[in-house]
$ cat run.pdb   # PDB, C-alpha atoms, pLDDT in the B column
ATOM      1  CA  MET A 144     268.459-150.112  46.877  1.00 50.00           C
ATOM      2  CA  VAL A 145     266.211-151.075  43.976  1.00 56.00           C
ATOM      3  CA  ASN A 146     262.520-150.292  44.351  1.00 65.00           C
ATOM      4  CA  GLU A 147     260.504-153.025  42.699  1.00 75.00           C
ATOM      5  CA  LYS A 148     256.771-153.518  42.384  1.00 77.00           C
ATOM      6  CA  LEU A 149     254.913-156.311  40.651  1.00 84.00           C
ATOM      7  CA  PHE A 150     251.905-155.049  38.770  1.00 86.00           C
ATOM      8  CA  GLU A 151     249.303-156.439  36.371  1.00 91.00           C
ATOM      9  CA  CYS A 152     248.028-154.741  33.244  1.00 93.00           C
ATOM     10  CA  LYS A 153     244.777-155.863  31.664  1.00 96.00           C
ATOM     11  CA  LEU A 154     243.756-154.823  28.181  1.00 97.00           C
ATOM     12  CA  VAL A 155     240.083-155.253  27.315  1.00 97.00           C
ATOM     13  CA  LEU A 156     239.079-155.509  23.664  1.00 97.00           C
ATOM     14  CA  PRO A 157     235.472-155.054  22.555  1.00 95.00           C
ATOM     15  CA  GLY A 158     234.289-157.737  20.138  1.00 94.00           C
ATOM     16  CA  LYS A 159     234.829-155.676  16.974  1.00 93.00           C
ATOM     17  CA  TYR A 160     238.574-155.415  17.718  1.00 95.00           C
ATOM     18  CA  TYR A 161     238.962-158.949  19.040  1.00 97.00           C
ATOM     19  CA  VAL A 162     237.601-160.518  15.833  1.00 96.00           C
ATOM     20  CA  GLN A 163     240.345-158.754  13.842  1.00 96.00           C
ATOM     21  CA  LEU A 164     243.088-160.747  15.599  1.00 97.00           C
ATOM     22  CA  THR A 165     244.729-163.858  14.205  1.00 97.00           C
ATOM     23  CA  GLU A 166     243.773-167.185  15.767  1.00 98.00           C
ATOM     24  CA  GLU A 167     247.120-167.196  17.564  1.00 97.00           C
ATOM     25  CA  GLY A 168     246.409-163.753  18.997  1.00 97.00           C
ATOM     26  CA  LYS A 169     242.897-164.701  20.100  1.00 97.00           C
ATOM     27  CA  GLN A 170     244.366-167.502  22.211  1.00 97.00           C
ATOM     28  CA  LEU A 171     245.991-164.894  24.485  1.00 97.00           C
ATOM     29  CA  TYR A 172     242.610-163.465  25.526  1.00 97.00           C
ATOM     30  CA  ASP A 173     239.987-164.667  27.990  1.00 97.00           C
ATOM     31  CA  GLU A 174     236.328-163.721  28.135  1.00 96.00           C
ATOM     32  CA  CYS A 175     235.347-161.028  30.629  1.00 95.00           C
ATOM     33  CA  PRO A 176     232.025-159.251  31.313  1.00 94.00           C
ATOM     34  CA  ILE A 177     232.747-156.425  28.834  1.00 92.00           C
ATOM     35  CA  GLY A 178     234.624-158.227  26.056  1.00 94.00           C
ATOM     36  CA  MET A 179     237.876-160.127  25.862  1.00 97.00           C
ATOM     37  CA  GLU A 180     240.858-159.376  28.087  1.00 97.00           C
ATOM     38  CA  VAL A 181     244.520-160.244  28.239  1.00 97.00           C
ATOM     39  CA  THR A 182     246.662-159.908  31.346  1.00 95.00           C
ATOM     40  CA  PHE A 183     250.300-158.887  31.247  1.00 91.00           C
ATOM     41  CA  PRO A 184     252.563-158.959  34.323  1.00 90.00           C
ATOM     42  CA  VAL A 185     254.693-155.838  34.755  1.00 86.00           C
ATOM     43  CA  GLU A 186     257.686-155.358  36.978  1.00 84.00           C
ATOM     44  CA  LEU A 187     257.993-151.687  37.877  1.00 80.00           C
ATOM     45  CA  ILE A 188     261.629-151.101  38.809  1.00 81.00           C
ATOM     46  CA  ASP A 189     263.304-147.776  39.702  1.00 78.00           C
ATOM     47  CA  GLY A 190     262.316-145.174  37.136  1.00 76.00           C
ATOM     48  CA  ILE A 191     260.092-147.456  35.047  1.00 78.00           C
ATOM     49  CA  THR A 192     256.451-146.400  35.111  1.00 81.00           C
ATOM     50  CA  LEU A 193     253.227-147.888  33.879  1.00 83.00           C
ATOM     51  CA  ALA A 194     253.305-145.383  31.001  1.00 84.00           C
ATOM     52  CA  ASP A 195     256.596-146.969  29.885  1.00 86.00           C
ATOM     53  CA  CYS A 196     255.021-150.439  29.797  1.00 88.00           C
ATOM     54  CA  ILE A 197     251.666-149.775  28.101  1.00 91.00           C
ATOM     55  CA  PRO A 198     253.041-149.157  24.567  1.00 93.00           C
ATOM     56  CA  ALA A 199     255.078-152.386  24.598  1.00 91.00           C
ATOM     57  CA  PHE A 200     252.117-154.295  26.003  1.00 92.00           C
ATOM     58  CA  VAL A 201     249.721-153.051  23.303  1.00 95.00           C
ATOM     59  CA  GLU A 202     252.276-153.745  20.591  1.00 94.00           C
ATOM     60  CA  SER A 203     252.885-157.325  21.740  1.00 93.00           C
ATOM     61  CA  VAL A 204     249.260-158.387  22.409  1.00 95.00           C
ATOM     62  CA  TYR A 205     247.293-156.353  19.855  1.00 96.00           C
ATOM     63  CA  LEU A 206     249.284-154.799  17.001  1.00 96.00           C
ATOM     64  CA  GLU A 207     251.470-157.827  16.248  1.00 95.00           C
ATOM     65  CA  PHE A 208     248.431-160.125  16.085  1.00 97.00           C
ATOM     66  CA  ASN A 209     246.263-157.858  13.944  1.00 96.00           C
ATOM     67  CA  PRO A 210     246.810-158.711  10.249  1.00 96.00           C
ATOM     68  CA  LYS A 211     245.736-155.255   9.056  1.00 93.00           C
ATOM     69  CA  TYR A 212     249.032-153.823  10.355  1.00 93.00           C
ATOM     70  CA  GLU A 213     251.140-156.449   8.519  1.00 93.00           C
ATOM     71  CA  ILE A 214     253.857-156.389  11.194  1.00 93.00           C
ATOM     72  CA  THR A 215     256.812-158.718  10.623  1.00 92.00           C
ATOM     73  CA  GLU A 216     260.247-159.095  12.217  1.00 92.00           C
ATOM     74  CA  GLU A 217     261.579-156.463   9.784  1.00 93.00           C
ATOM     75  CA  THR A 218     258.838-153.905  10.430  1.00 94.00           C
ATOM     76  CA  LYS A 219     259.818-150.938  12.583  1.00 95.00           C
ATOM     77  CA  VAL A 220     257.106-150.016  15.103  1.00 95.00           C
ATOM     78  CA  THR A 221     257.228-147.157  17.579  1.00 94.00           C
ATOM     79  CA  CYS A 222     254.482-146.180  19.997  1.00 94.00           C
ATOM     80  CA  GLU A 223     254.037-142.916  21.869  1.00 93.00           C
ATOM     81  CA  LEU A 224     251.561-142.441  24.699  1.00 92.00           C
ATOM     82  CA  TYR A 225     249.646-139.160  24.986  1.00 90.00           C
ATOM     83  CA  LYS A 226     247.135-137.977  27.549  1.00 84.00           C
ATOM     84  CA  LEU A 227     243.840-136.725  26.200  1.00 75.00           C
ATOM     85  CA  GLY A 228     243.040-133.380  27.809  1.00 76.00           C
ATOM     86  CA  LYS A 229     243.393-132.993  31.560  1.00 79.00           C
ATOM     87  CA  THR A 230     242.108-136.443  32.452  1.00 79.00           C
ATOM     88  CA  ASP A 231     244.290-139.437  33.282  1.00 78.00           C
ATOM     89  CA  GLU A 232     241.458-141.789  32.380  1.00 88.00           C
ATOM     90  CA  VAL A 233     241.562-141.424  28.584  1.00 91.00           C
ATOM     91  CA  PHE A 234     244.748-141.608  26.571  1.00 92.00           C
ATOM     92  CA  ASN A 235     245.969-142.080  22.999  1.00 93.00           C
ATOM     93  CA  LEU A 236     248.676-144.276  21.584  1.00 94.00           C
ATOM     94  CA  LEU A 237     250.245-142.948  18.393  1.00 94.00           C
ATOM     95  CA  VAL A 238     251.658-145.897  16.469  1.00 94.00           C
ATOM     96  CA  THR A 239     254.222-145.251  13.738  1.00 93.00           C
ATOM     97  CA  ILE A 240     254.925-148.150  11.394  1.00 93.00           C
ATOM     98  CA  THR A 241     257.734-148.272   8.815  1.00 93.00           C
ATOM     99  CA  TYR A 242     257.725-151.280   6.514  1.00 93.00           C
ATOM    100  CA  PRO A 243     261.039-152.668   5.213  1.00 92.00           C
ATOM    101  CA  GLU A 244     260.190-152.024   1.537  1.00 88.00           C
ATOM    102  CA  SER A 245     259.271-148.369   2.171  1.00 88.00           C
ATOM    103  CA  ASP A 246     260.775-145.278   3.740  1.00 85.00           C
ATOM    104  CA  LYS A 247     257.286-143.878   4.288  1.00 90.00           C
ATOM    105  CA  GLU A 248     255.848-143.832   7.798  1.00 91.00           C
ATOM    106  CA  PHE A 249     252.299-145.016   8.395  1.00 91.00           C
ATOM    107  CA  HIS A 250     250.337-143.966  11.484  1.00 91.00           C
ATOM    108  CA  GLU A 251     247.566-145.414  13.599  1.00 92.00           C
ATOM    109  CA  LEU A 252     245.886-143.676  16.492  1.00 93.00           C
ATOM    110  CA  LEU A 253     244.450-145.899  19.218  1.00 95.00           C
ATOM    111  CA  ILE A 254     242.218-144.445  21.929  1.00 94.00           C
ATOM    112  CA  PHE A 255     242.023-146.112  25.340  1.00 95.00           C
ATOM    113  CA  SER A 256     239.993-145.580  28.468  1.00 94.00           C
ATOM    114  CA  GLN A 257     240.992-146.538  31.982  1.00 94.00           C
ATOM    115  CA  ILE A 258     238.523-148.965  33.538  1.00 95.00           C
ATOM    116  CA  GLU A 259     240.173-149.515  36.896  1.00 93.00           C
ATOM    117  CA  LEU A 260     243.379-148.663  38.749  1.00 90.00           C
ATOM    118  CA  THR A 261     244.220-150.413  42.018  1.00 92.00           C
ATOM    119  CA  ASP A 262     247.448-150.807  43.981  1.00 88.00           C
ATOM    120  CA  ASP A 263     248.433-153.828  41.902  1.00 89.00           C
ATOM    121  CA  CYS A 264     246.388-153.733  38.674  1.00 92.00           C
ATOM    122  CA  PHE A 265     245.656-151.356  35.793  1.00 92.00           C
ATOM    123  CA  THR A 266     242.748-152.272  33.506  1.00 95.00           C
ATOM    124  CA  PHE A 267     242.133-150.337  30.301  1.00 95.00           C
ATOM    125  CA  GLU A 268     239.984-150.736  27.206  1.00 96.00           C
ATOM    126  CA  LEU A 269     240.546-150.043  23.526  1.00 96.00           C
ATOM    127  CA  MET A 270     237.789-147.567  22.676  1.00 94.00           C
ATOM    128  CA  GLY A 271     238.679-146.875  19.068  1.00 90.00           C
ATOM    129  CA  ASP A 272     241.145-146.446  16.257  1.00 87.00           C
ATOM    130  CA  GLN A 273     241.404-144.198  13.207  1.00 78.00           C
ATOM    131  CA  THR A 274     238.307-145.782  11.677  1.00 64.00           C
ATOM    132  CA  MET A 275     236.299-143.850  14.288  1.00 55.00           C
ATOM    133  CA  PHE A 276     237.009-140.737  12.233  1.00 55.00           C
ATOM    134  CA  ASN A 277     235.848-142.189   8.912  1.00 50.00           C
ATOM    135  CA  MET A 278     232.898-140.117   7.731  1.00 45.00           C
ATOM    136  CA  GLU A 279     231.353-143.219   6.132  1.00 50.00           C
ATOM    137  CA  ASN A 280     230.516-144.386   9.663  1.00 46.00           C
ATOM    138  CA  TYR A 281     228.073-141.507  10.136  1.00 42.00           C
TER     139      TYR A 281
END
$ encode --input "run.pdb" --output "C-alpha coordinates"
Amino acid sequence: MVNEKLFECKLVLPGKYYVQLTEEGKQLYDECPIGMEVTFPVELIDGITLADCIPAFVESVYLEFNPKYEITEETKVTCELYKLGKTDEVFNLLVTITYPESDKEFHELLIFSQIELTDDCFTFELMGDQTMFNMENY
(Lines of atoms letter the chains of each structure in order from A and count residues from 1; the text may use other names and numbers.)
(Lines give C-alpha, C1' and ligand atoms only; values in the text may rest on other atoms or scores of the structure.)
Protein backbone atom coordinates (compact mmCIF):
# COMPACT_ATOMS: atom_id res chain seq x y z
CA MET A 1 0.00 0.00 0.00
CA VAL A 2 1.30 3.44 -0.95
CA ASN A 3 1.16 6.11 1.74
CA GLU A 4 0.39 9.44 0.13
CA LYS A 5 -0.08 12.87 1.62
CA LEU A 6 -0.82 16.12 -0.15
CA PHE A 7 1.11 19.00 1.32
CA GLU A 8 1.71 22.67 0.53
CA CYS A 9 5.03 24.47 0.73
CA LYS A 10 5.14 28.25 0.89
CA LEU A 11 8.32 30.21 0.33
CA VAL A 12 8.31 33.81 1.55
CA LEU A 13 10.76 36.27 0.02
CA PRO A 14 11.52 39.61 1.68
CA GLY A 15 11.43 42.54 -0.74
CA LYS A 16 15.20 42.70 -1.29
CA TYR A 17 15.20 39.15 -2.72
CA TYR A 18 11.93 39.49 -4.61
CA VAL A 19 13.15 42.52 -6.60
CA GLN A 20 16.07 40.44 -7.91
CA LEU A 21 13.73 38.09 -9.79
CA THR A 22 12.89 38.36 -13.47
CA GLU A 23 9.44 39.66 -14.38
CA GLU A 24 8.43 36.10 -15.24
CA GLY A 25 9.56 34.91 -11.82
CA LYS A 26 7.75 37.72 -10.01
CA GLN A 27 4.48 36.57 -11.57
CA LEU A 28 4.67 33.35 -9.51
CA TYR A 29 4.49 35.26 -6.22
CA ASP A 30 1.59 36.85 -4.35
CA GLU A 31 1.74 39.53 -1.69
CA CYS A 32 1.55 38.39 1.93
CA PRO A 33 1.87 40.28 5.24
CA ILE A 34 5.65 39.74 5.46
CA GLY A 35 6.73 39.94 1.82
CA MET A 36 5.96 37.95 -1.29
CA GLU A 37 5.10 34.25 -1.22
CA VAL A 38 4.78 31.41 -3.67
CA THR A 39 2.91 28.19 -2.98
CA PHE A 40 4.02 24.83 -4.29
CA PRO A 41 1.91 21.66 -3.95
CA VAL A 42 3.86 18.62 -2.77
CA GLU A 43 2.83 15.01 -2.90
CA LEU A 44 4.61 13.11 -0.14
CA ILE A 45 4.67 9.46 -1.20
CA ASP A 46 6.36 6.53 0.59
CA GLY A 47 9.89 7.54 1.53
CA ILE A 48 9.72 11.07 0.11
CA THR A 49 9.99 13.74 2.79
CA LEU A 50 9.60 17.48 2.87
CA ALA A 51 13.41 17.75 3.02
CA ASP A 52 13.53 16.01 -0.38
CA CYS A 53 11.15 18.56 -1.90
CA ILE A 54 12.51 21.86 -0.55
CA PRO A 55 15.69 21.97 -2.70
CA ALA A 56 13.75 21.36 -5.93
CA PHE A 57 11.14 23.92 -4.90
CA VAL A 58 13.73 26.63 -4.19
CA GLU A 59 15.56 25.86 -7.42
CA SER A 60 12.41 26.10 -9.55
CA VAL A 61 10.84 29.23 -7.98
CA TYR A 62 13.88 31.26 -6.89
CA LEU A 63 17.23 30.25 -8.39
CA GLU A 64 16.03 29.77 -11.97
CA PHE A 65 14.32 33.18 -11.97
CA ASN A 66 17.19 35.12 -10.41
CA PRO A 67 19.44 36.50 -13.19
CA LYS A 68 22.50 36.71 -10.92
CA TYR A 69 22.81 32.91 -11.05
CA GLU A 70 22.66 32.81 -14.88
CA ILE A 71 20.98 29.39 -14.90
CA THR A 72 20.18 27.95 -18.33
CA GLU A 73 19.09 24.52 -19.59
CA GLU A 74 22.77 23.52 -19.80
CA THR A 75 23.70 24.67 -16.29
CA LYS A 76 24.15 21.92 -13.71
CA VAL A 77 22.60 22.82 -10.34
CA THR A 78 22.65 20.70 -7.21
CA CYS A 79 21.21 21.65 -3.84
CA GLU A 80 21.91 20.12 -0.45
CA LEU A 81 19.87 20.85 2.65
CA TYR A 82 21.62 21.21 6.02
CA LYS A 83 20.23 21.83 9.47
CA LEU A 84 21.72 24.73 11.37
CA GLY A 85 22.64 23.58 14.86
CA LYS A 86 20.14 21.58 16.88
CA THR A 87 17.07 23.47 15.72
CA ASP A 88 14.70 22.32 12.98
CA GLU A 89 13.54 25.89 12.45
CA VAL A 90 16.62 27.27 10.67
CA PHE A 91 18.32 25.50 7.81
CA ASN A 92 20.80 26.13 4.99
CA LEU A 93 20.68 25.21 1.35
CA LEU A 94 24.10 24.77 -0.25
CA VAL A 95 23.73 25.41 -3.98
CA THR A 96 26.46 24.18 -6.33
CA ILE A 97 26.37 25.57 -9.85
CA THR A 98 28.50 24.33 -12.77
CA TYR A 99 28.23 26.34 -15.97
CA PRO A 100 28.63 24.58 -19.34
CA GLU A 101 31.70 26.61 -20.36
CA SER A 102 33.54 25.86 -17.09
CA ASP A 103 34.56 22.87 -15.01
CA LYS A 104 34.72 25.09 -11.93
CA GLU A 105 31.99 24.81 -9.32
CA PHE A 106 30.40 27.95 -7.91
CA HIS A 107 28.59 27.94 -4.56
CA GLU A 108 25.78 29.88 -2.96
CA LEU A 109 24.59 29.48 0.60
CA LEU A 110 20.95 30.31 1.29
CA ILE A 111 19.66 30.55 4.85
CA PHE A 112 16.00 29.85 5.61
CA SER A 113 13.81 30.07 8.67
CA GLN A 114 10.66 28.08 9.31
CA ILE A 115 7.65 30.34 9.81
CA GLU A 116 4.95 27.74 10.31
CA LEU A 117 4.46 23.97 10.13
CA THR A 118 0.95 22.50 10.20
CA ASP A 119 -0.44 19.10 9.23
CA ASP A 120 -0.78 20.19 5.61
CA CYS A 121 1.48 23.23 5.09
CA PHE A 122 5.12 24.23 5.58
CA THR A 123 5.93 27.95 5.33
CA PHE A 124 9.53 29.14 5.29
CA GLU A 125 11.35 32.38 4.57
CA LEU A 126 14.61 33.21 2.83
CA MET A 127 16.59 35.03 5.51
CA GLY A 128 19.83 35.56 3.63
CA ASP A 129 22.46 34.52 1.15
CA GLN A 130 26.24 34.80 0.94
CA THR A 131 26.02 38.59 0.73
CA MET A 132 25.14 38.52 4.45
CA PHE A 133 28.80 37.71 5.09
CA ASN A 134 30.20 40.58 3.02
CA MET A 135 32.14 42.84 5.36
CA GLU A 136 31.14 45.87 3.28
CA ASN A 137 27.65 45.50 4.78
CA TYR A 138 28.94 46.36 8.25
$ atom_distance --input "run.pdb" --atom1 "CA of Ile197 in chain A" --atom2 "CA of Ser245 in chain A"
27.1 Å
$ resolve_selection --input "run.pdb" --expression "the PyMOL selection byres ((chain A and resi 262) around 10)" --output "PyMOL selection string"
chain A and resi 148-151+260-261+263-265
$ resolve_selection --input "run.pdb" --expression "the PyMOL selection byres ((chain A and resi 199-216) around 7)" --output "list in words"
Gln163, Leu164, Thr165, Gly168, Cys196, Ile197, Pro198, Glu217 and Thr218 of chain A
$ write_last_selection --input "run.pdb" --atoms "C-alpha atoms" --output "PDB file, keeping the file's coordinate frame"
ATOM      1  CA  GLN A 163     240.345-158.754  13.842  1.00 96.00           C
ATOM      2  CA  LEU A 164     243.088-160.747  15.599  1.00 97.00           C
ATOM      3  CA  THR A 165     244.729-163.858  14.205  1.00 97.00           C
ATOM      4  CA  GLY A 168     246.409-163.753  18.997  1.00 97.00           C
ATOM      5  CA  CYS A 196     255.021-150.439  29.797  1.00 88.00           C
ATOM      6  CA  ILE A 197     251.666-149.775  28.101  1.00 91.00           C
ATOM      7  CA  PRO A 198     253.041-149.157  24.567  1.00 93.00           C
ATOM      8  CA  GLU A 217     261.579-156.463   9.784  1.00 93.00           C
ATOM      9  CA  THR A 218     258.838-153.905  10.430  1.00 94.00           C
TER      10      THR A 218
END
$ closest_residue --input "run.pdb" --among "A:Ile258, A:Leu227, A:Glu167, A:Cys222" --to "Thr241 in chain A" --atoms "only C-alpha atoms"
A:Cys222
$ closest_residue --input "run.pdb" --among "A:Asp246, A:Glu180, A:Glu147, A:Glu186" --to "Tyr160 in chain A" --atoms "all atoms listed in the file"
A:Glu180
$ atom_distance --input "run.pdb" --atom1 "CA of Leu253 in chain A" --atom2 "CA of Cys175 in chain A"
21.0 Å
$ atom_distance --input "run.pdb" --atom1 "CA of Lys153 in chain A" --atom2 "CA of Leu224 in chain A"
16.6 Å
$ closest_residue --input "run.pdb" --among "A:Lys247, A:Asp272, A:Leu156, A:Lys226" --to "Lys169 in chain A" --atoms "all atoms listed in the file"
A:Leu156
$ resolve_selection --input "run.pdb" --expression "the PyMOL selection byres ((chain A and resi 250) around 8)" --output "list in words"
Leu237, Val238, Thr239, Ile240, Glu248, Phe249, Glu251 and Leu252 of chain A
$ closest_residue --input "run.pdb" --among "A:Pro157, A:Glu174, A:Asn235, A:Ser256" --to "Gln273 in chain A" --atoms "only C-alpha atoms"
A:Asn235
$ closest_residue --input "run.pdb" --among "A:Leu269, A:Val220, A:Ile188, A:Ile254" --to "Lys159 in chain A" --atoms "all atoms listed in the file"
A:Leu269
$ closest_residue --input "run.pdb" --among "A:Met270, A:Ile191, A:Glu223, A:Gly178" --to "Val162 in chain A" --atoms "only C-alpha atoms"
A:Gly178
$ decode --input "run.pdb" --residues "range 245-263 of chain A" --atoms "N, CA and C atoms" --output "PDB file, in the first residue's frame"
ATOM      1  N   SER A 245      32.547  25.921 -18.157  1.00  0.00           N
ATOM      2  CA  SER A 245      33.545  25.858 -17.093  1.00  0.00           C
ATOM      3  C   SER A 245      33.426  24.539 -16.326  1.00  0.00           C
ATOM      4  N   ASP A 246      34.565  24.054 -15.880  1.00  0.00           N
ATOM      5  CA  ASP A 246      34.564  22.872 -15.014  1.00  0.00           C
ATOM      6  C   ASP A 246      34.532  23.278 -13.547  1.00  0.00           C
ATOM      7  N   LYS A 247      34.708  24.571 -13.296  1.00  0.00           N
ATOM      8  CA  LYS A 247      34.721  25.091 -11.935  1.00  0.00           C
ATOM      9  C   LYS A 247      33.326  25.049 -11.333  1.00  0.00           C
ATOM     10  N   GLU A 248      33.258  24.763 -10.042  1.00  0.00           N
ATOM     11  CA  GLU A 248      31.988  24.811  -9.320  1.00  0.00           C
ATOM     12  C   GLU A 248      31.880  26.143  -8.592  1.00  0.00           C
ATOM     13  N   PHE A 249      30.689  26.718  -8.633  1.00  0.00           N
ATOM     14  CA  PHE A 249      30.401  27.950  -7.912  1.00  0.00           C
ATOM     15  C   PHE A 249      29.362  27.626  -6.847  1.00  0.00           C
ATOM     16  N   HIS A 250      29.461  28.275  -5.687  1.00  0.00           N
ATOM     17  CA  HIS A 250      28.589  27.941  -4.563  1.00  0.00           C
ATOM     18  C   HIS A 250      27.814  29.160  -4.077  1.00  0.00           C
ATOM     19  N   GLU A 251      26.627  28.885  -3.618  1.00  0.00           N
ATOM     20  CA  GLU A 251      25.776  29.881  -2.959  1.00  0.00           C
ATOM     21  C   GLU A 251      25.238  29.219  -1.702  1.00  0.00           C
ATOM     22  N   LEU A 252      25.148  29.963  -0.652  1.00  0.00           N
ATOM     23  CA  LEU A 252      24.591  29.480   0.598  1.00  0.00           C
ATOM     24  C   LEU A 252      23.353  30.305   0.911  1.00  0.00           C
ATOM     25  N   LEU A 253      22.208  29.636   0.967  1.00  0.00           N
ATOM     26  CA  LEU A 253      20.949  30.309   1.288  1.00  0.00           C
ATOM     27  C   LEU A 253      20.513  29.881   2.681  1.00  0.00           C
ATOM     28  N   ILE A 254      20.072  30.819   3.475  1.00  0.00           N
ATOM     29  CA  ILE A 254      19.658  30.547   4.855  1.00  0.00           C
ATOM     30  C   ILE A 254      18.155  30.786   4.960  1.00  0.00           C
ATOM     31  N   PHE A 255      17.453  29.797   5.498  1.00  0.00           N
ATOM     32  CA  PHE A 255      15.996  29.855   5.610  1.00  0.00           C
ATOM     33  C   PHE A 255      15.567  29.682   7.057  1.00  0.00           C
ATOM     34  N   SER A 256      14.403  30.207   7.349  1.00  0.00           N
ATOM     35  CA  SER A 256      13.807  30.066   8.668  1.00  0.00           C
ATOM     36  C   SER A 256      12.374  29.562   8.499  1.00  0.00           C
ATOM     37  N   GLN A 257      12.025  28.594   9.323  1.00  0.00           N
ATOM     38  CA  GLN A 257      10.658  28.084   9.315  1.00  0.00           C
ATOM     39  C   GLN A 257       9.731  29.118   9.937  1.00  0.00           C
ATOM     40  N   ILE A 258       8.644  29.424   9.268  1.00  0.00           N
ATOM     41  CA  ILE A 258       7.648  30.341   9.812  1.00  0.00           C
ATOM     42  C   ILE A 258       6.528  29.552  10.476  1.00  0.00           C
ATOM     43  N   GLU A 259       6.075  28.510   9.779  1.00  0.00           N
ATOM     44  CA  GLU A 259       4.950  27.737  10.305  1.00  0.00           C
ATOM     45  C   GLU A 259       4.972  26.325   9.734  1.00  0.00           C
ATOM     46  N   LEU A 260       4.608  25.358  10.559  1.00  0.00           N
ATOM     47  CA  LEU A 260       4.457  23.974  10.126  1.00  0.00           C
ATOM     48  C   LEU A 260       3.136  23.456  10.690  1.00  0.00           C
ATOM     49  N   THR A 261       2.225  23.079   9.793  1.00  0.00           N
ATOM     50  CA  THR A 261       0.953  22.501  10.200  1.00  0.00           C
ATOM     51  C   THR A 261       0.859  21.103   9.597  1.00  0.00           C
ATOM     52  N   ASP A 262      -0.262  20.451   9.772  1.00  0.00           N
ATOM     53  CA  ASP A 262      -0.441  19.102   9.232  1.00  0.00           C
ATOM     54  C   ASP A 262      -0.423  19.066   7.704  1.00  0.00           C
ATOM     55  N   ASP A 263      -0.710  20.202   7.077  1.00  0.00           N
ATOM     56  CA  ASP A 263      -0.779  20.187   5.610  1.00  0.00           C
ATOM     57  C   ASP A 263      -0.034  21.333   4.935  1.00  0.00           C
TER      58      ASP A 263
END
